[in-house]
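Colleague: Hey, dropping upload00.cif in here, mmCIF, C-alpha atoms and all ligand atoms:
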```cif
data_work
#
loop_
_atom_site.label_atom_id
_atom_site.label_comp_id
_atom_site.auth_asym_id
_atom_site.auth_seq_id
_atom_site.Cartn_x
_atom_site.Cartn_y
_atom_site.Cartn_z
CA MET A 274 -10.92 11.98 12.56
CA SER A 275 -13.97 10.14 13.77
CA TYR A 276 -13.43 7.30 16.17
CA GLU A 277 -16.16 4.86 16.85
CA GLN A 278 -16.42 1.69 18.85
CA GLU A 279 -17.67 -1.34 17.00
CA GLU A 280 -19.85 -4.15 18.24
CA GLU A 281 -17.81 -6.25 20.60
CA ASP A 282 -19.79 -9.43 20.12
CA HIS A 283 -18.70 -9.86 16.51
CA TYR A 284 -15.14 -10.59 17.60
CA GLY A 285 -15.79 -12.12 20.98
CA PRO A 286 -15.74 -10.39 24.35
CA GLY A 287 -11.96 -10.58 24.79
CA TYR A 288 -11.25 -8.70 21.63
CA GLU A 289 -12.66 -5.27 21.57
CA VAL A 290 -12.57 -3.61 18.21
CA GLY A 291 -12.24 0.07 17.56
CA SER A 292 -12.45 1.61 14.15
CA TYR A 293 -11.66 4.95 12.70
CA THR A 294 -11.99 6.35 9.28
CA LYS A 295 -9.54 8.43 7.40
CA ASP A 296 -10.57 12.02 7.20
CA TYR A 297 -8.76 13.41 4.21
CA ASN A 298 -9.67 16.74 2.80
CA ASP A 299 -11.11 15.63 -0.47
CA GLY A 300 -14.59 14.76 0.62
CA PRO A 301 -16.60 11.60 0.58
CA TYR A 302 -15.61 8.87 -1.76
CA ASP A 303 -17.90 8.86 -4.77
CA GLY A 304 -17.20 5.41 -6.16
CA GLU A 305 -16.14 7.01 -9.42
CA SER A 306 -13.03 4.99 -10.07
CA ASP A 307 -12.05 2.88 -7.15
CA LEU A 308 -9.57 0.07 -7.25
CA ASN A 309 -10.71 -2.51 -4.76
CA VAL A 310 -7.92 -4.83 -3.92
CA ASN A 311 -8.87 -8.53 -3.71
CA SER A 312 -11.84 -8.51 -1.47
CA ASN A 313 -13.17 -10.70 1.29
CA PRO A 314 -16.81 -11.71 1.61
CA GLU A 315 -17.58 -8.41 3.34
CA GLY A 316 -16.41 -6.64 0.22
CA LYS A 317 -13.44 -4.89 1.85
CA PRO A 318 -10.04 -6.53 1.50
CA ARG A 319 -8.25 -6.81 4.78
CA ILE A 320 -4.61 -6.32 5.75
CA LEU A 321 -3.64 -7.51 9.23
CA LEU A 322 -0.79 -5.89 11.18
CA MET A 323 0.68 -8.31 13.70
CA GLY A 324 3.86 -8.64 15.74
CA LEU A 325 5.13 -8.41 19.29
CA ARG A 326 4.38 -5.45 21.56
CA ARG A 327 6.17 -2.22 20.71
CA SER A 328 7.43 -3.62 17.41
CA GLY A 329 6.00 -0.55 15.66
CA LYS A 330 2.64 -1.68 14.19
CA SER A 331 0.55 1.32 15.17
CA SER A 332 3.36 3.69 14.19
CA ILE A 333 3.46 2.21 10.69
CA GLN A 334 -0.26 2.58 10.24
CA LYS A 335 -0.31 6.14 11.58
CA VAL A 336 2.66 7.32 9.54
CA VAL A 337 1.60 5.76 6.25
CA PHE A 338 -2.13 6.38 6.37
CA HIS A 339 -2.65 9.26 8.78
CA LYS A 340 0.27 11.53 8.01
CA MET A 341 1.55 11.35 11.57
CA SER A 342 5.14 12.53 11.79
CA PRO A 343 7.53 9.75 12.88
CA ASN A 344 8.57 11.63 16.03
CA GLU A 345 4.99 11.78 17.26
CA THR A 346 4.82 7.99 17.36
CA LEU A 347 7.03 8.11 20.45
CA PHE A 348 3.91 9.08 22.35
CA LEU A 349 1.61 6.36 21.00
CA GLU A 350 0.04 4.23 23.66
CA SER A 351 0.09 0.47 23.50
CA THR A 352 -2.81 -0.99 21.54
CA ASN A 353 -4.98 -3.22 23.73
CA LYS A 354 -7.73 -4.06 21.26
CA ILE A 355 -8.00 -4.74 17.56
CA VAL A 356 -8.20 -1.40 15.79
CA LYS A 357 -9.88 -1.39 12.39
CA ASP A 358 -8.87 1.34 10.01
CA GLU A 359 -10.90 1.90 6.89
CA ILE A 360 -8.72 3.16 4.07
CA SER A 361 -11.67 3.92 1.88
CA ASN A 362 -13.28 7.28 2.30
CA SER A 363 -11.34 9.11 -0.29
CA SER A 364 -8.26 7.13 -1.08
CA PHE A 365 -8.20 5.38 -4.40
CA VAL A 366 -7.15 2.07 -3.00
CA GLN A 367 -9.76 0.59 -0.72
CA PHE A 368 -9.05 -1.80 2.09
CA GLN A 369 -9.16 -2.25 5.83
CA ILE A 370 -6.14 -2.41 8.12
CA TRP A 371 -6.54 -4.26 11.38
CA ASP A 372 -3.93 -3.34 13.96
CA PHE A 373 -3.61 -6.13 16.54
CA PRO A 374 -2.41 -5.81 20.12
CA GLY A 375 1.07 -7.29 20.55
CA GLN A 376 -0.15 -9.71 23.21
CA VAL A 377 -2.81 -11.34 21.04
CA ASP A 378 -3.22 -15.01 21.95
CA PHE A 379 -4.34 -17.35 19.19
CA PHE A 380 -5.23 -20.07 21.66
CA ASP A 381 -7.66 -17.87 23.51
CA SER A 382 -11.16 -19.15 22.84
CA ASN A 383 -12.23 -15.58 22.08
CA PHE A 384 -9.87 -15.33 19.15
CA ASP A 385 -11.96 -16.28 16.14
CA CYS A 386 -9.30 -17.50 13.68
CA GLU A 387 -11.80 -18.40 10.97
CA MET A 388 -13.28 -14.94 10.93
CA ILE A 389 -10.01 -13.03 11.29
CA PHE A 390 -7.83 -14.96 8.83
CA GLY A 391 -10.67 -16.13 6.59
CA GLY A 392 -11.24 -12.87 4.74
CA CYS A 393 -7.67 -11.61 4.98
CA GLY A 394 -5.69 -10.62 1.88
CA ALA A 395 -2.31 -9.95 3.46
CA LEU A 396 -0.76 -10.42 6.89
CA VAL A 397 2.03 -8.00 7.71
CA PHE A 398 4.18 -9.28 10.56
CA VAL A 399 6.40 -6.61 12.13
CA ILE A 400 9.71 -7.58 13.74
CA ASP A 401 11.70 -5.02 15.76
CA ALA A 402 15.22 -5.36 14.32
CA GLN A 403 16.70 -3.29 17.14
CA ASP A 404 15.57 -5.87 19.68
CA ASP A 405 16.41 -9.53 20.17
CA TYR A 406 14.18 -11.15 17.58
CA ILE A 407 14.08 -14.77 18.77
CA ASP A 408 10.67 -14.36 20.44
CA ALA A 409 9.40 -12.49 17.41
CA LEU A 410 10.41 -15.38 15.17
CA MET A 411 8.53 -17.84 17.35
CA LYS A 412 5.46 -15.64 17.19
CA LEU A 413 5.86 -15.26 13.44
CA ASN A 414 5.93 -19.03 13.03
CA LEU A 415 2.86 -19.47 15.21
CA THR A 416 0.98 -16.73 13.39
CA VAL A 417 1.82 -17.92 9.90
CA THR A 418 1.04 -21.59 10.55
CA ARG A 419 -2.21 -20.71 12.26
CA ALA A 420 -3.30 -18.33 9.52
CA TYR A 421 -2.22 -20.61 6.68
CA LYS A 422 -4.32 -23.49 7.99
CA VAL A 423 -7.39 -21.26 7.87
CA ASN A 424 -6.59 -19.44 4.62
CA PRO A 425 -3.74 -20.60 2.36
CA ASN A 426 -4.30 -17.63 0.04
CA ILE A 427 -3.01 -15.05 2.55
CA ARG A 428 0.14 -13.19 1.46
CA PHE A 429 2.66 -13.18 4.29
CA GLU A 430 4.76 -10.02 4.46
CA VAL A 431 7.49 -9.66 7.08
CA PHE A 432 8.66 -6.14 7.92
CA ILE A 433 12.11 -6.18 9.53
CA HIS A 434 11.42 -2.87 11.16
CA LYS A 435 13.28 0.03 12.87
CA VAL A 436 16.33 -0.55 10.69
CA ASP A 437 17.18 3.16 10.97
CA GLY A 438 19.21 2.23 14.04
CA LEU A 439 21.33 -0.35 12.19
CA SER A 440 24.41 -0.09 10.01
CA ASP A 441 24.13 -1.30 6.41
CA ASP A 442 26.03 -4.50 7.19
CA HIS A 443 23.92 -5.15 10.23
CA LYS A 444 20.72 -4.68 8.17
CA ILE A 445 21.75 -7.21 5.56
CA GLU A 446 22.86 -9.68 8.22
CA ALA A 447 19.57 -9.29 10.14
CA GLN A 448 17.58 -9.84 6.97
CA ARG A 449 19.56 -12.93 6.01
CA ASP A 450 19.32 -14.42 9.48
CA ILE A 451 15.60 -13.74 9.92
CA HIS A 452 14.85 -15.01 6.41
CA GLN A 453 16.74 -18.24 7.01
CA ARG A 454 15.43 -19.01 10.47
CA ALA A 455 11.81 -18.22 9.58
CA ASN A 456 11.88 -20.41 6.46
CA ASP A 457 13.79 -23.25 8.14
CA GLU A 458 11.23 -23.46 10.92
CA LEU A 459 8.35 -23.54 8.47
CA MET A 460 10.04 -26.28 6.43
CA GLU A 461 10.66 -28.36 9.53
CA GLU A 462 6.97 -28.22 10.31
CA GLY A 463 6.01 -29.20 6.78
CA PHE A 464 4.83 -25.78 5.59
CA ASP A 465 7.09 -25.81 2.51
CA SER A 466 4.58 -24.08 0.29
CA VAL A 467 4.26 -20.99 2.52
CA ASN A 468 5.94 -18.02 0.90
CA LEU A 469 7.22 -15.20 3.12
CA SER A 470 8.35 -11.85 1.67
CA PHE A 471 10.81 -9.73 3.63
CA TYR A 472 11.30 -5.94 3.68
CA LEU A 473 13.70 -3.70 5.61
CA THR A 474 11.60 -0.83 6.93
CA SER A 475 11.69 2.30 9.04
CA ILE A 476 9.16 5.05 9.62
CA TYR A 477 12.03 7.56 9.51
CA ASP A 478 12.54 7.23 5.78
CA HIS A 479 10.56 6.21 2.69
CA SER A 480 11.20 2.49 3.12
CA ILE A 481 7.92 1.98 4.95
CA PHE A 482 5.94 3.60 2.10
CA GLU A 483 7.80 1.50 -0.45
CA ALA A 484 7.17 -1.71 1.46
CA PHE A 485 3.49 -0.91 1.90
CA SER A 486 3.25 -0.09 -1.79
CA LYS A 487 4.42 -3.60 -2.60
CA VAL A 488 2.04 -5.17 -0.10
CA VAL A 489 -0.92 -3.33 -1.59
CA GLN A 490 0.15 -3.93 -5.20
CA LYS A 491 0.10 -7.69 -4.70
CA LEU A 492 -3.56 -7.42 -3.81
CA ILE A 493 -4.60 -5.43 -6.87
CA PRO A 494 -6.00 -7.78 -9.53
CA GLN A 495 -5.50 -5.18 -12.27
CA LEU A 496 -1.78 -4.74 -11.55
CA PRO A 497 -0.43 -6.47 -14.70
CA THR A 498 -2.67 -4.27 -16.85
CA LEU A 499 -1.55 -1.10 -15.07
CA GLU A 500 2.11 -2.08 -15.42
CA ASN A 501 1.64 -2.87 -19.06
CA LEU A 502 0.08 0.53 -19.68
CA LEU A 503 2.96 2.23 -17.87
CA ASN A 504 5.51 0.28 -19.92
CA ILE A 505 3.83 1.37 -23.15
CA PHE A 506 3.67 4.95 -21.93
CA VAL A 507 7.31 5.28 -20.85
CA SER A 508 8.76 3.51 -23.89
CA ASN A 509 6.86 5.76 -26.28
CA SER A 510 7.56 9.00 -24.44
CA GLY A 511 11.30 8.89 -23.66
CA ILE A 512 10.62 8.60 -19.93
CA GLU A 513 13.04 6.84 -17.60
CA LYS A 514 10.73 5.95 -14.76
CA ALA A 515 7.04 6.46 -14.00
CA PHE A 516 5.06 5.82 -10.83
CA LEU A 517 1.30 5.76 -10.49
CA PHE A 518 0.69 7.16 -7.01
CA ASP A 519 -2.22 7.14 -4.65
CA VAL A 520 -1.77 10.81 -3.75
CA VAL A 521 -3.11 10.71 -0.22
CA SER A 522 -1.02 7.82 1.08
CA LYS A 523 1.95 8.20 -1.33
CA ILE A 524 1.74 4.49 -1.96
CA TYR A 525 2.59 3.74 -5.56
CA ILE A 526 0.07 1.31 -6.91
CA ALA A 527 2.05 0.51 -10.06
CA THR A 528 5.25 1.39 -11.87
CA ASP A 529 6.88 0.42 -15.16
CA SER A 530 9.05 -2.68 -15.24
CA SER A 531 12.46 -0.96 -14.89
CA PRO A 532 13.92 -1.47 -11.40
CA VAL A 533 12.80 0.89 -8.63
CA ASP A 534 15.61 2.73 -6.97
CA MET A 535 14.87 4.22 -3.61
CA GLN A 536 16.18 7.68 -4.46
CA SER A 537 13.84 8.04 -7.44
CA TYR A 538 10.90 6.94 -5.34
CA GLU A 539 11.84 9.45 -2.61
CA LEU A 540 12.13 12.26 -5.13
CA CYS A 541 8.68 11.49 -6.49
CA CYS A 542 7.17 11.30 -2.98
CA ASP A 543 8.74 14.65 -2.14
CA MET A 544 7.33 16.13 -5.31
CA ILE A 545 3.81 15.05 -4.34
CA ASP A 546 4.28 16.70 -0.94
CA VAL A 547 5.47 19.92 -2.57
CA VAL A 548 2.60 20.02 -5.07
CA VAL A 549 -0.07 19.23 -2.49
CA ASP A 550 1.35 21.70 0.05
CA ILE A 551 1.68 24.55 -2.44
CA SER A 552 -1.79 23.83 -3.82
CA CYS A 553 -3.31 23.75 -0.34
CA ILE A 554 -1.70 27.04 0.65
CA TYR A 555 -1.96 29.03 -2.55
CA GLY A 556 -4.32 27.05 -4.81
CA THR A 557 -8.05 27.21 -5.24
CA LYS A 558 -9.93 24.47 -3.47
CA ASP A 559 -13.05 22.78 -4.79
CA ALA A 560 -16.32 22.38 -2.87
CA ASP A 561 -14.88 19.42 -0.97
CA GLY A 562 -11.79 21.39 0.02
CA ALA A 563 -9.53 19.36 -2.27
CA ALA A 564 -6.53 21.15 -3.70
CA PHE A 565 -5.48 18.28 -5.95
CA ASP A 566 -7.76 18.41 -8.97
CA HIS A 567 -8.12 17.85 -12.69
CA GLN A 568 -5.67 20.62 -13.56
CA SER A 569 -2.95 19.59 -11.14
CA LEU A 570 0.31 19.49 -13.02
CA SER A 571 3.84 20.25 -12.02
CA LEU A 572 7.28 20.33 -13.55
CA ILE A 573 10.49 20.47 -11.53
CA LYS A 574 13.91 20.82 -13.19
CA LEU A 575 16.71 19.37 -11.12
CA ASN A 576 20.33 20.54 -11.31
CA ASN A 577 21.44 17.28 -12.95
CA SER A 578 19.49 17.76 -16.21
CA THR A 579 16.65 15.62 -14.95
CA ILE A 580 13.00 16.58 -14.93
CA LEU A 581 10.23 15.49 -12.59
CA TYR A 582 6.84 15.73 -14.25
CA LEU A 583 3.58 15.21 -12.36
CA ARG A 584 0.12 14.94 -13.91
CA GLU A 585 -3.22 14.28 -12.31
CA VAL A 586 -4.79 11.02 -13.50
CA ASN A 587 -7.97 11.25 -11.49
CA ARG A 588 -9.08 12.53 -8.10
CA PHE A 589 -6.94 10.05 -6.25
CA LEU A 590 -4.10 9.21 -8.59
CA ALA A 591 -1.11 11.05 -9.96
CA LEU A 592 1.44 9.95 -12.49
CA VAL A 593 4.95 11.09 -11.58
CA CYS A 594 7.65 10.67 -14.22
CA ILE A 595 11.42 11.09 -14.22
CA LEU A 596 13.07 11.94 -17.54
CA ARG A 597 16.12 13.56 -19.08
CA GLU A 598 15.77 17.27 -19.80
CA ASP A 599 16.50 16.88 -23.51
CA HIS A 600 13.65 14.37 -23.87
CA PHE A 601 11.27 16.96 -22.51
CA ALA A 602 11.72 18.97 -25.70
CA ARG A 603 9.00 16.69 -27.03
CA GLN A 604 6.51 17.71 -24.35
CA GLY A 605 3.64 17.70 -26.84
CA LEU A 606 4.20 14.03 -27.50
CA ILE A 607 4.46 13.24 -23.79
CA ASP A 608 1.24 15.10 -23.08
CA TYR A 609 -0.56 13.40 -25.97
CA ASN A 610 0.58 9.97 -24.75
CA PHE A 611 -0.39 10.91 -21.22
CA VAL A 612 -3.97 11.63 -22.32
CA CYS A 613 -4.09 8.20 -24.02
CA PHE A 614 -2.70 6.65 -20.84
CA ARG A 615 -5.27 8.43 -18.68
CA ASN A 616 -8.10 7.27 -20.92
CA ALA A 617 -6.80 3.71 -20.80
CA ILE A 618 -6.72 3.82 -16.99
CA GLN A 619 -10.30 5.00 -17.05
CA GLU A 620 -11.16 2.05 -19.27
CA VAL A 621 -9.54 -0.36 -16.83
CA PHE A 622 -12.01 0.70 -14.20
CA GLU A 623 -14.95 0.76 -16.53
CA VAL A 624 -14.09 -2.75 -17.69
CA ARG A 625 -13.70 -3.84 -14.11
CA MET A 626 -17.12 -2.53 -13.25
CA GLN A 627 -18.62 -4.20 -16.31
CA VAL A 628 -16.95 -7.48 -15.39
CA GLN A 629 -18.30 -7.20 -11.88
CA GLN A 630 -21.78 -6.52 -13.16
CA ALA A 631 -21.51 -9.28 -15.74
CA THR A 632 -20.32 -11.72 -13.09
CA ASN A 633 -23.24 -10.73 -10.93
CA ASN A 634 -25.59 -11.40 -13.85
CA THR A 635 -23.66 -14.59 -14.72
CA ASN A 636 -23.08 -13.26 -18.22
CA PRO A 637 -21.20 -15.86 -20.29
CA ASN A 638 -19.47 -13.20 -22.46
CA VAL A 639 -17.32 -11.69 -19.68
CA GLY A 640 -14.11 -12.27 -21.68
CA GLU A 641 -15.21 -9.85 -24.39
CA LEU A 642 -15.24 -7.00 -21.94
CA ILE A 643 -11.47 -7.08 -21.65
CA GLN A 644 -10.87 -6.28 -25.29
CA PRO A 645 -10.80 -2.48 -25.22
CA LEU A 646 -7.61 -2.62 -23.15
CA ASN A 647 -5.64 -4.07 -26.01
CA SER A 648 -6.20 -1.06 -28.18
CA VAL A 649 -4.18 1.73 -26.58
CA ALA A 650 -2.86 3.88 -29.40
CA LEU A 651 0.16 5.88 -28.28
CA LYS A 652 2.35 7.93 -30.62
CA GLU A 653 6.09 7.38 -30.95
N1 LIG B 1 13.70 3.88 15.67
C1 LIG B 1 12.47 3.55 15.30
N2 LIG B 1 11.47 3.51 16.19
C2 LIG B 1 10.22 3.16 15.79
C3 LIG B 1 9.96 2.86 14.41
N3 LIG B 1 8.64 2.54 14.32
C4 LIG B 1 8.12 2.65 15.54
N4 LIG B 1 9.07 3.04 16.44
C5 LIG B 1 8.89 3.28 17.88
O1 LIG B 1 8.53 2.07 18.51
C6 LIG B 1 7.72 2.33 19.64
C7 LIG B 1 6.51 1.40 19.65
O2 LIG B 1 5.70 1.70 18.55
P1 LIG B 1 4.15 1.29 18.45
O3 LIG B 1 3.70 1.67 17.11
O4 LIG B 1 3.37 1.79 19.62
O5 LIG B 1 4.27 -0.30 18.56
P2 LIG B 1 3.09 -1.37 18.49
O6 LIG B 1 3.64 -2.57 17.81
O7 LIG B 1 1.84 -0.80 17.93
O8 LIG B 1 2.92 -1.70 20.03
P3 LIG B 1 1.67 -2.41 20.79
O9 LIG B 1 0.49 -1.53 20.56
O10 LIG B 1 2.10 -2.44 22.22
O11 LIG B 1 1.50 -3.77 20.21
C8 LIG B 1 7.34 3.81 19.58
O12 LIG B 1 8.12 4.49 20.51
C9 LIG B 1 7.75 4.23 18.16
O13 LIG B 1 8.18 5.59 18.09
C10 LIG B 1 11.05 2.91 13.48
O14 LIG B 1 10.92 2.68 12.28
N5 LIG B 1 12.26 3.27 13.98
#
```
Now, as a test, write the supplied structure out as structure tokens.
Modeller:
Amino acid sequence: MSYEQEEEDHYGPGYEVGSYTKDYNDGPYDGESDLNVNSNPEGKPRILLMGLRRSGKSSIQKVVFHKMSPNETLFLESTNKIVKDEISNSSFVQFQIWDFPGQVDFFDSNFDCEMIFGGCGALVFVIDAQDDYIDALMKLNLTVTRAYKVNPNIRFEVFIHKVDGLSDDHKIEAQRDIHQRANDELMEEGFDSVNLSFYLTSIYDHSIFEAFSKVVQKLIPQLPTLENLLNIFVSNSGIEKAFLFDVVSKIYIATDSSPVDMQSYELCCDMIDVVVDISCIYGTKDADGAAFDHQSLSLIKLNNSTILYLREVNRFLALVCILREDHFARQGLIDYNFVCFRNAIQEVFEVRMQVQQATNNTNPNVGELIQPLNSVALKE
């Protein structure tokens, strides 16, 4: 992992900024089929991680994007400067995460609100649910009101974190209480239109990956198209549930419209780990050292007549499906539909690039470029 200091003057002398870039094993990003989430003027969409000291911000970022094991986070040192993390080198989804020190002071003249909140897509506020959260709620209110005044388009995501230490009843009660207090305070101050989303998270299970998946999904302009394609695919192939995963981070960037249950998501995450680990150890690697490639495919039969089926969509994405064993008798159909699905995904990105180019050239016929997406021909 390379770690490099950035120019201090851009953020003011009080706020040093460090940045590091993900160093995954699949080589430099080639721009082939990226999915830029809603971007800021710099081109990179930005997700801010804020919250009180020791609430777990750095741990979340390390576990989700740097494969750090949860136990190792016990040894993380307190962050004393803004740390910028580029999730772009090889991951399919491209954005920046800015991890803020817990003691950040918005009233400090060095804190450039316009610059920090101006180009921000989502603000994740982390609350330690194992601690007294009254101070955290005050900070949340201050942060949200401050950020909203600068940029009303920010999505506010509240992670009620470290819930591994709480009983189920306690979790629900904490969520209800935090939800109510946070919203009441905003209403009292006249911020009725601010919308906060709440998630119960822990780095010790898959809840943090699930929550981050939802945060990232909200920033993907093509999400409705991806979901639509997945719906068409599952309904024509006898599949119960399908997730489109960013393989490196195990964030799912889209799923079909049936409800997500945590166990299914965990199973699919575990399958990705198994496939990547086996491929890394026993598979052939390409020139970039990547073990996940065009031929990556895996089938796991569970002891409850369920099948997990994984197919590579492109260098960064995998489709993981859950289906009944008897439906897999029609594997030919599933594979045929999968190829149609994969081609359609490719078209989404081609169209996106065309739209971007057309917008740059102020082409008045941009709408026509969307048409190929309506013609996905799957077999039933
Ligand atoms: N039980 C539990 N502990 C967690 C979880 N996430 C983080 N921690 C622990 O919380 C402590 C603080 O985590 P950090 O990630 O350093 O917190 P931070 O918010 O970045 O702290 P500052 O840099 O001081 O702002 C560490 O000991 C982590 O191991 C969680 O989900 N559950």
Colleague: So, with all atoms listed in the file as the atoms that count, which of A:Asp404, A:Glu446, A:Asp437, A:Glu462 lies closest to ligand LIG 1 (chain B)?
Modeller: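 Once distances to ligand LIG 1 (chain B) are computed over all atoms listed in the file, the minimum belongs to A:Asp437.
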Colleague: If you take only C-alpha atoms and all ligand atoms and a cut-off of 10 Å, which residues of chain A touch ligand LIG 1 (chain B), and what are their nearest atom pairs and distances in Å to one decimal, in chain and number order, as JSON lines?
Modeller:
```
{"residue": "A:Leu322", "atom": "CA", "partner": "B:LIG1", "partner_atom": "O6", "distance": 8.6}
{"residue": "A:Met323", "atom": "CA", "partner": "B:LIG1", "partner_atom": "O6", "distance": 7.7}
{"residue": "A:Gly324", "atom": "CA", "partner": "B:LIG1", "partner_atom": "O6", "distance": 6.4}
{"residue": "A:Leu325", "atom": "CA", "partner": "B:LIG1", "partner_atom": "O11", "distance": 6.0}
{"residue": "A:Arg326", "atom": "CA", "partner": "B:LIG1", "partner_atom": "O11", "distance": 3.6}
{"residue": "A:Arg327", "atom": "CA", "partner": "B:LIG1", "partner_atom": "O8", "distance": 3.4}
{"residue": "A:Ser328", "atom": "CA", "partner": "B:LIG1", "partner_atom": "O6", "distance": 4.0}
{"residue": "A:Gly329", "atom": "CA", "partner": "B:LIG1", "partner_atom": "O5", "distance": 3.4}
{"residue": "A:Lys330", "atom": "CA", "partner": "B:LIG1", "partner_atom": "O6", "distance": 3.9}
{"residue": "A:Ser331", "atom": "CA", "partner": "B:LIG1", "partner_atom": "O7", "distance": 3.7}
{"residue": "A:Ser332", "atom": "CA", "partner": "B:LIG1", "partner_atom": "O3", "distance": 3.6}
{"residue": "A:Ile333", "atom": "CA", "partner": "B:LIG1", "partner_atom": "N3", "distance": 6.3}
{"residue": "A:Gln334", "atom": "CA", "partner": "B:LIG1", "partner_atom": "O3", "distance": 8.0}
{"residue": "A:Lys335", "atom": "CA", "partner": "B:LIG1", "partner_atom": "O3", "distance": 8.2}
{"residue": "A:Val336", "atom": "CA", "partner": "B:LIG1", "partner_atom": "N3", "distance": 9.0}
{"residue": "A:Ser342", "atom": "CA", "partner": "B:LIG1", "partner_atom": "O13", "distance": 9.9}
{"residue": "A:Pro343", "atom": "CA", "partner": "B:LIG1", "partner_atom": "O13", "distance": 6.7}
{"residue": "A:Asn344", "atom": "CA", "partner": "B:LIG1", "partner_atom": "O13", "distance": 6.4}
{"residue": "A:Glu345", "atom": "CA", "partner": "B:LIG1", "partner_atom": "O13", "distance": 7.0}
{"residue": "A:Thr346", "atom": "CA", "partner": "B:LIG1", "partner_atom": "O13", "distance": 4.2}
{"residue": "A:Leu347", "atom": "CA", "partner": "B:LIG1", "partner_atom": "O13", "distance": 3.6}
{"residue": "A:Phe348", "atom": "CA", "partner": "B:LIG1", "partner_atom": "O12", "distance": 6.5}
{"residue": "A:Leu349", "atom": "CA", "partner": "B:LIG1", "partner_atom": "O4", "distance": 5.1}
{"residue": "A:Glu350", "atom": "CA", "partner": "B:LIG1", "partner_atom": "O4", "distance": 5.8}
{"residue": "A:Ser351", "atom": "CA", "partner": "B:LIG1", "partner_atom": "O9", "distance": 3.6}
{"residue": "A:Thr352", "atom": "CA", "partner": "B:LIG1", "partner_atom": "O9", "distance": 3.5}
{"residue": "A:Asn353", "atom": "CA", "partner": "B:LIG1", "partner_atom": "O9", "distance": 6.5}
{"residue": "A:Lys354", "atom": "CA", "partner": "B:LIG1", "partner_atom": "O9", "distance": 8.6}
{"residue": "A:Ile355", "atom": "CA", "partner": "B:LIG1", "partner_atom": "O9", "distance": 9.6}
{"residue": "A:Val356", "atom": "CA", "partner": "B:LIG1", "partner_atom": "O9", "distance": 9.9}
{"residue": "A:Asp372", "atom": "CA", "partner": "B:LIG1", "partner_atom": "O7", "distance": 7.5}
{"residue": "A:Phe373", "atom": "CA", "partner": "B:LIG1", "partner_atom": "O11", "distance": 6.7}
{"residue": "A:Pro374", "atom": "CA", "partner": "B:LIG1", "partner_atom": "O11", "distance": 4.4}
{"residue": "A:Gly375", "atom": "CA", "partner": "B:LIG1", "partner_atom": "O11", "distance": 3.6}
{"residue": "A:Gln376", "atom": "CA", "partner": "B:LIG1", "partner_atom": "O11", "distance": 6.9}
{"residue": "A:Val377", "atom": "CA", "partner": "B:LIG1", "partner_atom": "O11", "distance": 8.8}
{"residue": "A:Phe398", "atom": "CA", "partner": "B:LIG1", "partner_atom": "O6", "distance": 9.9}
{"residue": "A:Val399", "atom": "CA", "partner": "B:LIG1", "partner_atom": "O6", "distance": 7.5}
{"residue": "A:Ile400", "atom": "CA", "partner": "B:LIG1", "partner_atom": "O6", "distance": 8.9}
{"residue": "A:Asp401", "atom": "CA", "partner": "B:LIG1", "partner_atom": "C3", "distance": 8.2}
{"residue": "A:Ala402", "atom": "CA", "partner": "B:LIG1", "partner_atom": "N5", "distance": 9.1}
{"residue": "A:Gln403", "atom": "CA", "partner": "B:LIG1", "partner_atom": "N1", "distance": 7.9}
{"residue": "A:Ile433", "atom": "CA", "partner": "B:LIG1", "partner_atom": "O14", "distance": 9.4}
{"residue": "A:His434", "atom": "CA", "partner": "B:LIG1", "partner_atom": "O14", "distance": 5.7}
{"residue": "A:Lys435", "atom": "CA", "partner": "B:LIG1", "partner_atom": "N5", "distance": 3.6}
{"residue": "A:Val436", "atom": "CA", "partner": "B:LIG1", "partner_atom": "N5", "distance": 6.5}
{"residue": "A:Asp437", "atom": "CA", "partner": "B:LIG1", "partner_atom": "N5", "distance": 5.8}
{"residue": "A:Gly438", "atom": "CA", "partner": "B:LIG1", "partner_atom": "N1", "distance": 6.0}
{"residue": "A:Leu439", "atom": "CA", "partner": "B:LIG1", "partner_atom": "N1", "distance": 9.4}
{"residue": "A:Leu473", "atom": "CA", "partner": "B:LIG1", "partner_atom": "O14", "distance": 9.6}
{"residue": "A:Thr474", "atom": "CA", "partner": "B:LIG1", "partner_atom": "O14", "distance": 6.4}
{"residue": "A:Ser475", "atom": "CA", "partner": "B:LIG1", "partner_atom": "O14", "distance": 3.4}
{"residue": "A:Ile476", "atom": "CA", "partner": "B:LIG1", "partner_atom": "O14", "distance": 4.0}
{"residue": "A:Tyr477", "atom": "CA", "partner": "B:LIG1", "partner_atom": "O14", "distance": 5.7}
{"residue": "A:Asp478", "atom": "CA", "partner": "B:LIG1", "partner_atom": "O14", "distance": 8.1}
{"residue": "A:Ser480", "atom": "CA", "partner": "B:LIG1", "partner_atom": "O14", "distance": 9.2}
{"residue": "A:Ile481", "atom": "CA", "partner": "B:LIG1", "partner_atom": "O14", "distance": 8.0}
```
Colleague: Interatomic distance between CA of Ile524 (chain A) and CA of Arg615 (chain A)?
Modeller: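 Here the two named atoms are 18.6 Å from each other.
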Colleague: How many Å separate CA of Cys542 (chain A) from CA of Phe589 (chain A)?
Modeller: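 Result for CA of Cys542 (chain A) versus CA of Phe589 (chain A): 14.5 Å, one decimal.
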Colleague: What is the CA of Ala617 (chain A) to CA of Asn501 (chain A) distance in Å?
Modeller: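 Answer for the CA of Ala617 (chain A) to CA of Asn501 (chain A) separation: 10.8 Å.
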Colleague: Kindly extract all protein, DNA and RNA residues lying within 7 Å of the coordinates (-1.3, -11.7, -3.1) given in the file, considering all atoms listed in the file, and supply them as a list of chain:residue names.
Modeller: A:Gly394, A:Ala395, A:Ile427, A:Arg428, A:Lys491, A:Leu492
